[in-house]
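Trainee: What follows is start.txt, made up of compact mmCIF, C-alpha atoms and all ligand atoms:
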```txt
# COMPACT_ATOMS: atom_id res chain seq x y z
CA MET A 503 125.30 90.72 113.80
CA HIS A 504 122.53 92.95 112.54
CA SER A 505 120.45 91.16 109.92
CA SER A 506 120.96 93.83 107.25
CA LEU A 507 124.69 93.40 107.63
CA ILE A 508 124.33 89.67 107.11
CA ILE A 509 122.35 90.32 103.97
CA THR A 510 124.89 92.84 102.73
CA SER A 511 127.62 90.29 103.05
CA LEU A 512 125.59 87.71 101.13
CA LEU A 513 124.51 89.78 98.18
CA PRO A 514 126.20 92.40 96.05
CA LEU A 515 123.45 94.97 96.37
CA LEU A 516 122.73 97.99 94.27
CA ALA A 517 120.27 100.60 95.39
CA SER A 518 118.64 103.45 93.54
CA THR A 519 118.10 106.51 95.70
CA ASN A 520 115.64 108.26 93.39
CA PRO A 521 112.45 109.31 95.17
CA LEU A 522 109.97 109.00 92.32
CA PRO A 523 106.23 109.24 91.85
CA LEU A 524 104.17 106.06 91.66
CA SER A 525 103.60 104.85 88.14
CA PRO A 526 103.71 101.19 87.18
CA ARG A 527 104.61 101.96 83.58
CA GLN A 528 107.69 104.01 84.32
CA THR A 529 110.91 102.04 84.19
CA THR A 530 112.75 104.79 86.07
CA LEU A 531 111.04 103.72 89.30
CA ASN A 532 112.76 101.58 91.88
CA PRO A 533 111.11 98.15 91.76
CA PHE A 534 111.90 95.82 94.62
CA THR A 535 111.28 92.30 95.77
CA LEU A 536 110.39 91.57 99.39
CA ILE A 537 112.47 89.53 101.82
CA ALA A 538 111.39 88.84 105.38
CA GLY A 539 113.76 89.77 108.20
CA ARG A 540 113.23 88.10 111.56
CA SER A 541 116.44 86.72 113.00
CA GLY A 542 116.29 83.25 114.50
CA SER A 543 112.95 82.39 112.90
CA PRO A 544 112.02 80.03 110.06
CA ILE A 545 110.99 83.00 107.87
CA HIS A 546 114.30 84.89 108.07
CA LEU A 547 115.58 85.88 104.61
CA SER A 548 112.67 84.16 102.86
CA SER A 549 111.19 85.81 99.80
CA ILE A 550 107.63 87.11 99.92
CA ASN A 551 105.55 86.27 96.89
CA ALA A 552 102.21 87.28 95.42
CA ASN A 553 99.91 84.26 95.32
CA GLY A 554 96.11 84.16 95.27
CA GLU A 555 95.68 87.94 95.67
CA SER A 556 97.70 87.69 98.89
CA PHE A 557 101.36 87.72 99.87
CA TRP A 558 103.03 84.58 101.16
CA ILE A 559 106.29 83.23 102.45
CA GLY A 560 106.65 79.65 101.24
CA LYS A 561 104.40 79.92 98.20
CA ASN A 562 105.57 80.63 94.68
CA THR A 563 104.65 83.73 92.71
CA THR A 564 101.50 83.20 90.63
CA THR A 565 101.01 85.22 87.46
CA TYR A 566 98.82 85.39 84.41
CA CYS A 567 99.72 86.01 80.77
CA PRO A 568 97.00 86.49 78.12
CA SER A 569 99.05 84.44 75.67
CA GLU A 570 96.52 84.86 72.86
CA GLU A 571 97.15 88.60 72.73
CA VAL A 572 100.59 88.98 74.33
CA LYS A 573 103.48 87.02 72.84
CA ASP A 574 106.28 88.16 75.10
CA CYS A 575 105.10 88.11 78.72
CA PRO A 576 107.90 88.20 81.31
CA PRO A 577 108.53 84.80 82.96
CA GLY A 578 106.71 85.86 86.13
CA LEU A 579 109.05 84.14 88.55
CA TYR A 580 109.53 87.08 90.91
CA THR A 581 107.17 89.36 92.80
CA GLU A 582 108.14 92.98 92.31
CA LEU A 583 106.52 96.06 93.81
CA LEU A 584 106.79 99.81 93.51
CA ALA A 585 106.07 102.32 96.23
CA GLY A 586 105.81 106.08 96.30
CA ASP A 587 103.57 108.97 97.33
CA GLY A 588 102.21 106.83 100.19
CA GLY A 589 100.92 104.10 97.89
CA ALA A 590 102.22 100.82 96.55
CA SER A 591 101.57 98.78 93.46
CA MET A 592 102.68 95.61 91.76
CA TYR A 593 105.32 96.18 89.09
CA THR A 594 103.41 94.79 86.13
CA GLU A 595 102.90 95.30 82.42
CA VAL A 596 99.12 95.00 82.48
CA PRO A 597 97.38 98.26 81.51
CA GLY A 598 95.96 100.02 84.56
CA GLY A 599 98.39 98.31 86.90
CA GLN A 600 97.62 96.60 90.18
CA THR A 601 97.22 98.49 93.45
CA VAL A 602 98.54 97.06 96.71
CA TYR A 603 96.32 97.61 99.75
CA VAL A 604 95.42 96.34 103.22
CA LEU A 605 92.05 94.77 104.02
CA PRO A 606 90.25 95.55 107.30
CA THR A 607 91.43 92.10 108.46
CA GLY A 608 95.02 93.30 108.07
CA ALA A 609 95.71 91.04 105.09
CA LEU A 610 98.06 92.57 102.53
CA THR A 611 96.47 92.21 99.10
CA PHE A 612 96.37 93.67 95.60
CA THR A 613 93.83 94.39 92.90
CA LEU A 614 93.43 92.22 89.88
CA ALA A 615 93.80 94.09 86.62
CA HIS A 616 90.78 96.02 85.34
CA ALA A 617 89.22 96.13 88.83
CA GLU A 618 90.05 99.65 89.90
CA GLY A 619 87.23 100.02 92.44
CA GLN A 620 88.32 97.05 94.53
CA PRO A 621 90.15 98.68 97.47
CA PHE A 622 87.28 101.07 98.06
CA GLU A 623 84.61 98.38 97.75
CA ASN A 624 86.52 96.17 100.19
CA ASN A 625 87.05 99.03 102.68
CA GLY A 626 90.74 98.61 102.00
CA THR A 627 93.53 101.04 102.84
CA THR A 628 95.77 102.12 99.98
CA THR A 629 97.84 104.77 101.76
CA GLY A 630 100.54 104.54 104.40
CA PHE A 631 103.07 102.60 102.34
CA ALA A 632 106.68 103.61 101.91
CA PHE A 633 109.87 102.20 100.52
CA THR A 634 113.17 103.44 101.86
CA PRO A 635 115.96 102.33 99.54
CA GLY A 636 119.07 100.99 101.21
CA SER A 637 122.27 102.96 101.18
CA ASP A 638 125.81 101.63 101.00
CA ASN A 639 124.70 98.35 99.43
CA ALA A 640 122.22 97.53 102.20
CA LEU A 641 118.69 96.35 101.54
CA GLY A 642 115.84 98.84 101.57
CA VAL A 643 112.80 98.62 103.83
CA PHE A 644 109.14 98.49 102.80
CA SER A 645 106.72 99.73 105.44
CA PHE A 646 103.02 100.24 106.10
CA THR A 647 101.95 102.65 108.84
CA GLY A 648 98.28 103.01 107.90
CA LEU A 649 95.62 101.81 110.38
CA ASN A 650 98.19 102.37 113.15
CA SER A 651 100.10 99.38 111.88
CA THR A 652 103.39 98.73 113.64
CA GLY A 653 104.85 96.62 110.85
CA PHE A 654 104.13 93.33 109.16
CA LEU A 655 103.12 89.91 110.45
CA ALA A 656 103.68 86.48 108.95
CA CYS A 657 100.90 84.11 109.97
CA PRO A 658 101.55 80.38 109.57
CA ALA A 659 99.08 78.03 107.90
CA THR A 660 99.90 75.50 110.59
CA SER A 661 101.58 76.25 113.90
CA GLY A 662 105.08 77.58 113.22
CA ALA A 663 105.25 76.12 109.71
CA ALA A 664 105.11 77.36 106.11
CA PRO A 665 103.39 78.73 104.23
CA TRP A 666 102.99 82.04 106.05
CA GLN A 667 100.57 84.76 104.94
CA VAL A 668 101.55 88.42 105.26
CA PHE A 669 99.41 90.84 107.28
CA ALA A 670 99.84 94.42 108.47
CA ALA A 671 100.41 94.41 112.21
CA ILE A 672 97.18 96.14 113.19
CA THR A 673 95.11 95.68 116.32
CA GLY A 674 91.96 93.60 116.16
CA ILE A 675 93.07 90.81 113.84
CA LYS A 676 90.86 87.85 114.64
CA ASN A 677 91.94 84.25 114.78
CA SER A 678 89.45 83.55 112.02
CA ASP A 679 91.20 86.11 109.78
CA VAL A 680 94.51 84.25 109.65
CA PRO A 681 95.51 80.92 108.16
CA GLY A 682 96.07 78.48 110.98
CA GLY A 683 93.42 80.24 113.07
CA ASN A 684 95.83 81.56 115.71
CA VAL A 685 96.94 85.21 115.65
CA SER A 686 99.34 84.53 118.53
CA ALA A 687 101.33 82.28 116.21
CA CYS A 688 102.04 85.18 113.80
CA LEU A 689 105.58 86.59 113.75
CA GLU A 690 106.29 90.29 113.31
CA PHE A 691 109.04 90.91 110.79
CA VAL A 692 110.82 93.62 108.83
CA ALA A 693 110.01 93.67 105.12
CA PHE A 694 113.33 94.21 103.38
CA GLY A 695 113.24 95.33 99.77
CA ALA A 696 115.87 94.23 97.28
CA SER A 697 116.12 96.09 94.01
CA GLY A 698 115.69 94.06 90.82
CA ALA A 699 119.38 94.25 90.09
CA GLU A 700 120.19 91.72 92.79
CA LEU A 701 117.95 89.19 91.10
CA GLY A 702 119.27 89.78 87.61
CA THR A 703 116.10 91.42 86.38
CA ALA A 704 117.45 94.93 86.08
CA ASN A 705 119.07 94.26 82.72
CA THR A 706 115.61 94.07 81.16
CA GLY A 707 114.44 97.13 83.07
CA GLY A 708 110.88 95.91 82.73
CA PRO A 709 108.31 94.34 85.04
CA ALA A 710 108.83 90.73 86.11
CA ALA A 711 105.23 89.79 85.25
CA TRP A 712 102.34 90.71 83.02
CA GLU A 713 99.87 90.37 85.89
CA TYR A 714 99.94 88.88 89.38
CA VAL A 715 96.97 86.74 90.39
C1 LIG B 801 107.90 76.52 93.50
O1 LIG B 801 108.30 76.26 92.18
C2 LIG B 801 109.42 75.39 92.08
C3 LIG B 801 109.84 75.33 90.63
O2 LIG B 801 108.74 75.09 89.80
C4 LIG B 801 109.04 74.03 92.64
O3 LIG B 801 110.13 73.16 92.58
C5 LIG B 801 108.62 74.20 94.09
O4 LIG B 801 108.17 72.98 94.60
C6 LIG B 801 107.52 75.23 94.21
N1 LIG B 801 107.28 75.50 95.62
C7 LIG B 801 106.07 75.52 96.15
C8 LIG B 801 106.00 75.84 97.60
O5 LIG B 801 105.05 75.31 95.50
C1 LIG B 802 82.53 98.17 104.07
O1 LIG B 802 82.09 98.94 105.18
C2 LIG B 802 80.69 99.18 105.15
C3 LIG B 802 80.37 100.14 106.30
O2 LIG B 802 80.92 99.66 107.49
C4 LIG B 802 79.96 97.86 105.27
O3 LIG B 802 78.56 98.06 105.23
C5 LIG B 802 80.36 96.97 104.10
O4 LIG B 802 79.77 95.69 104.26
C6 LIG B 802 81.86 96.81 104.06
N1 LIG B 802 82.24 96.08 102.86
C7 LIG B 802 83.01 95.01 102.89
C8 LIG B 802 83.30 94.35 101.59
O5 LIG B 802 83.48 94.56 103.94
C1 LIG B 803 94.95 105.01 115.57
O1 LIG B 803 95.36 105.52 116.82
C2 LIG B 803 94.67 106.73 117.18
C3 LIG B 803 95.31 107.25 118.45
O2 LIG B 803 95.35 106.23 119.42
C4 LIG B 803 93.19 106.44 117.30
O3 LIG B 803 92.49 107.63 117.61
C5 LIG B 803 92.66 105.88 115.99
O4 LIG B 803 91.30 105.51 116.13
C6 LIG B 803 93.46 104.67 115.56
N1 LIG B 803 93.03 104.26 114.24
C7 LIG B 803 92.80 102.97 113.91
C8 LIG B 803 92.38 102.71 112.52
O5 LIG B 803 92.96 102.07 114.71
C1 LIG B 804 98.72 79.87 119.37
O1 LIG B 804 100.10 80.19 119.16
C2 LIG B 804 100.79 80.41 120.36
C3 LIG B 804 102.19 80.89 119.97
O2 LIG B 804 102.80 79.98 119.11
C4 LIG B 804 100.82 79.15 121.19
O3 LIG B 804 101.51 79.38 122.41
C5 LIG B 804 99.39 78.71 121.48
O4 LIG B 804 99.40 77.45 122.13
C6 LIG B 804 98.61 78.59 120.19
N1 LIG B 804 97.21 78.34 120.49
C7 LIG B 804 96.56 77.30 119.97
C8 LIG B 804 95.12 77.20 120.35
O5 LIG B 804 97.09 76.51 119.21
```
Give the structure from this file in structure tokens form.
Ligand SMILES: *[C@@H]1O[C@H](CO)[C@@H](O)[C@H](O)[C@H]1NC(C)=O
Ligand SMILES: *[C@@H]1O[C@H](CO)[C@@H](O)[C@H](O)[C@H]1NC(C)=O
Ligand SMILES: *[C@@H]1O[C@H](CO)[C@@H](O)[C@H](O)[C@H]1NC(C)=O
Ligand SMILES: *[C@@H]1O[C@H](CO)[C@@H](O)[C@H](O)[C@H]1NC(C)=O
Mentor:
Amino acid sequence: MHSSLIITSLLPLLASTNPLPLSPRQTTLNPFTLIAGRSGSPIHLSSINANGESFWIGKNTTTYCPSEEVKDCPPGLYTELLAGDGGASMYTEVPGGQTVYVLPTGALTFTLAHAEGQPFENNGTTTGFAFTPGSDNALGVFSFTGLNSTGFLACPATSGAAPWQVFAAITGIKNSDVPGGNVSACLEFVAFGASGAELGTANTGGPAAWEYV
């Protein structure tokens, strides 16, 4: 069975079909969480979480709340993104937002708040992202085609075992760029996107975190 059909049968999915401009502060956007699709592998249907300015399978979401100034930060349990106009960002409350980009090593990363120059300074690529919402209750798909990327890779910290770090599938990734030190051990996968509704976050309509770190 096709993996998206399996997912459809597991989850009652809702999908917004609005193509909307990228703006982290707009609640009318279509935030989504990421789920890896690679049938018959240990990463299949695992959630992808922001952790240490990177994206990981098998690590929890890490967030920051300036609790002195902000009394009502979201719990920060989920990693939610937005994508549109070729770019992608974290779905956060922090002013200025957080841009998602790809490093020259292929690593998928994001800016910390108040660090708007970061992608440029790191020679990062901020364009080439897209999110195609699912139709008929299927999951959507998040993609990156910049740098001639053919998709996404999950690279294991130790051979074939979690945690796995997410990279764009570009040519020239060195062994020294990936956790585990072995590019051949990375698995290409499809990055499915589930809208917040499936995770029960849509009733708030707001971001799942103040800031990802
Ligand atoms: C993620 O968080 C949960 C709940 O706090 C904890 O039980 C689990 O061990 C954590 N997983 C990892 C990989 O740190
Ligand atoms: C970005 O690219 C320039 C030109 O190749 C290089 O000099 C610089 O060191 C790079 N910066 C980083 C952070 O890799
Ligand atoms: C992408 O592919 C084109 C055509 O093969 C090539 O000219 C270009 O240099 C490639 N770009 C990168 C970033 O690899
Ligand atoms: C790298 O990973 C590949 C695929 O899992 C494996 O066949 C190879 O033995 C690994 N190389 C090293 C040096 O561990």
Trainee: Can you work out the spacing between atom O5 of ligand LIG 804 (chain B) and atom CA of Gly683 of chain A in Å, to one decimal?
Mentor: 8.1 Å
Trainee: May I ask for the distance between atom CA of Ser556 of chain A and atom CA of Pro658 of chain A, given in Å to one decimal place?
Mentor: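 About the pair atom CA of Ser556 of chain A and atom CA of Pro658 of chain A: they are 13.5 Å apart.
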Trainee: So which residues are near ligand LIG 802 (chain B), meaning at most 6 Å away with all atoms listed in the file counted, given back as an mmCIF file with C-alpha atoms, keeping the file's coordinate frame?
Mentor:
```cif
data_model
loop_
_atom_site.group_PDB
_atom_site.id
_atom_site.type_symbol
_atom_site.label_atom_id
_atom_site.label_comp_id
_atom_site.auth_asym_id
_atom_site.auth_seq_id
_atom_site.Cartn_x
_atom_site.Cartn_y
_atom_site.Cartn_z
ATOM 1 C CA GLU A 623 84.610 98.380 97.750
ATOM 2 C CA ASN A 624 86.520 96.170 100.190
ATOM 3 C CA ASN A 625 87.050 99.030 102.680
#
```
Trainee: Can you tell me, as a ChimeraX atom specification, what residues are no more than 12 Å from Gly648 of chain A when counting all atoms listed in the file, ignoring any on the same chain fewer than 5 positions away?
Mentor: /A:588-589,603-606,608,610,626-632,653-654,670-673
Trainee: Taking all atoms listed in the file into account, which residues have an atom no farther than 7 Å from ligand LIG 801 (chain B)? I'd like them as a ChimeraX atom specification.
Mentor: /A:560-562
Trainee: Excluding Val596 of chain A and its own-chain neighbours fewer than 4 positions away, which residues fall within 10 Å of it when counting only C-alpha atoms? Please give them as a VMD selection string.
Mentor: chain A and resid 526 to 527 566 to 568 575 592 600 614 to 616 709 711 to 714
Trainee: Which residues are near Phe644 of chain A? Cut-off 12 Å, all atoms listed in the file, ignore same chain within fewer than 4 positions. Put them as a ChimeraX atom specification.
Mentor: /A:532-539,550,582-586,588-590,630-636,653-654,670,691-697
Trainee: Let me make sure I understand: among A:Val602, A:Leu649, A:Arg540, A:Glu555, which one has the smallest atom-to-atom distance to ligand LIG 803 (chain B) if we use only C-alpha atoms and all ligand atoms?
Mentor: A:Leu649
Trainee: Taking all atoms listed in the file into account, report as number ranges by chain which residues have an atom no farther than 7 Å from an atom of ligand LIG 804 (chain B).
Mentor: A: 661-662, 684-687
Trainee: What is the atom CA of Trp558 of chain A to atom CA of Phe646 of chain A distance in Å?
Mentor: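 Those two atoms sit 16.4 Å apart.
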Trainee: Choose the residue, out of A:Ala664, A:Leu579, A:Val643, A:Ile675, that has the smallest atom-to-atom separation from ligand LIG 803 (chain B); count only C-alpha atoms and all ligand atoms.
Mentor: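 Among A:Ala664, A:Leu579, A:Val643, A:Ile675, it is A:Ile675 that comes nearest to ligand LIG 803 (chain B).
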Trainee: Using only C-alpha atoms and all ligand atoms, find the one residue out of A:Gly674, A:Thr594, A:Gly554, A:Gln667 that sits nearest to ligand LIG 803 (chain B).
Mentor: A:Gly674
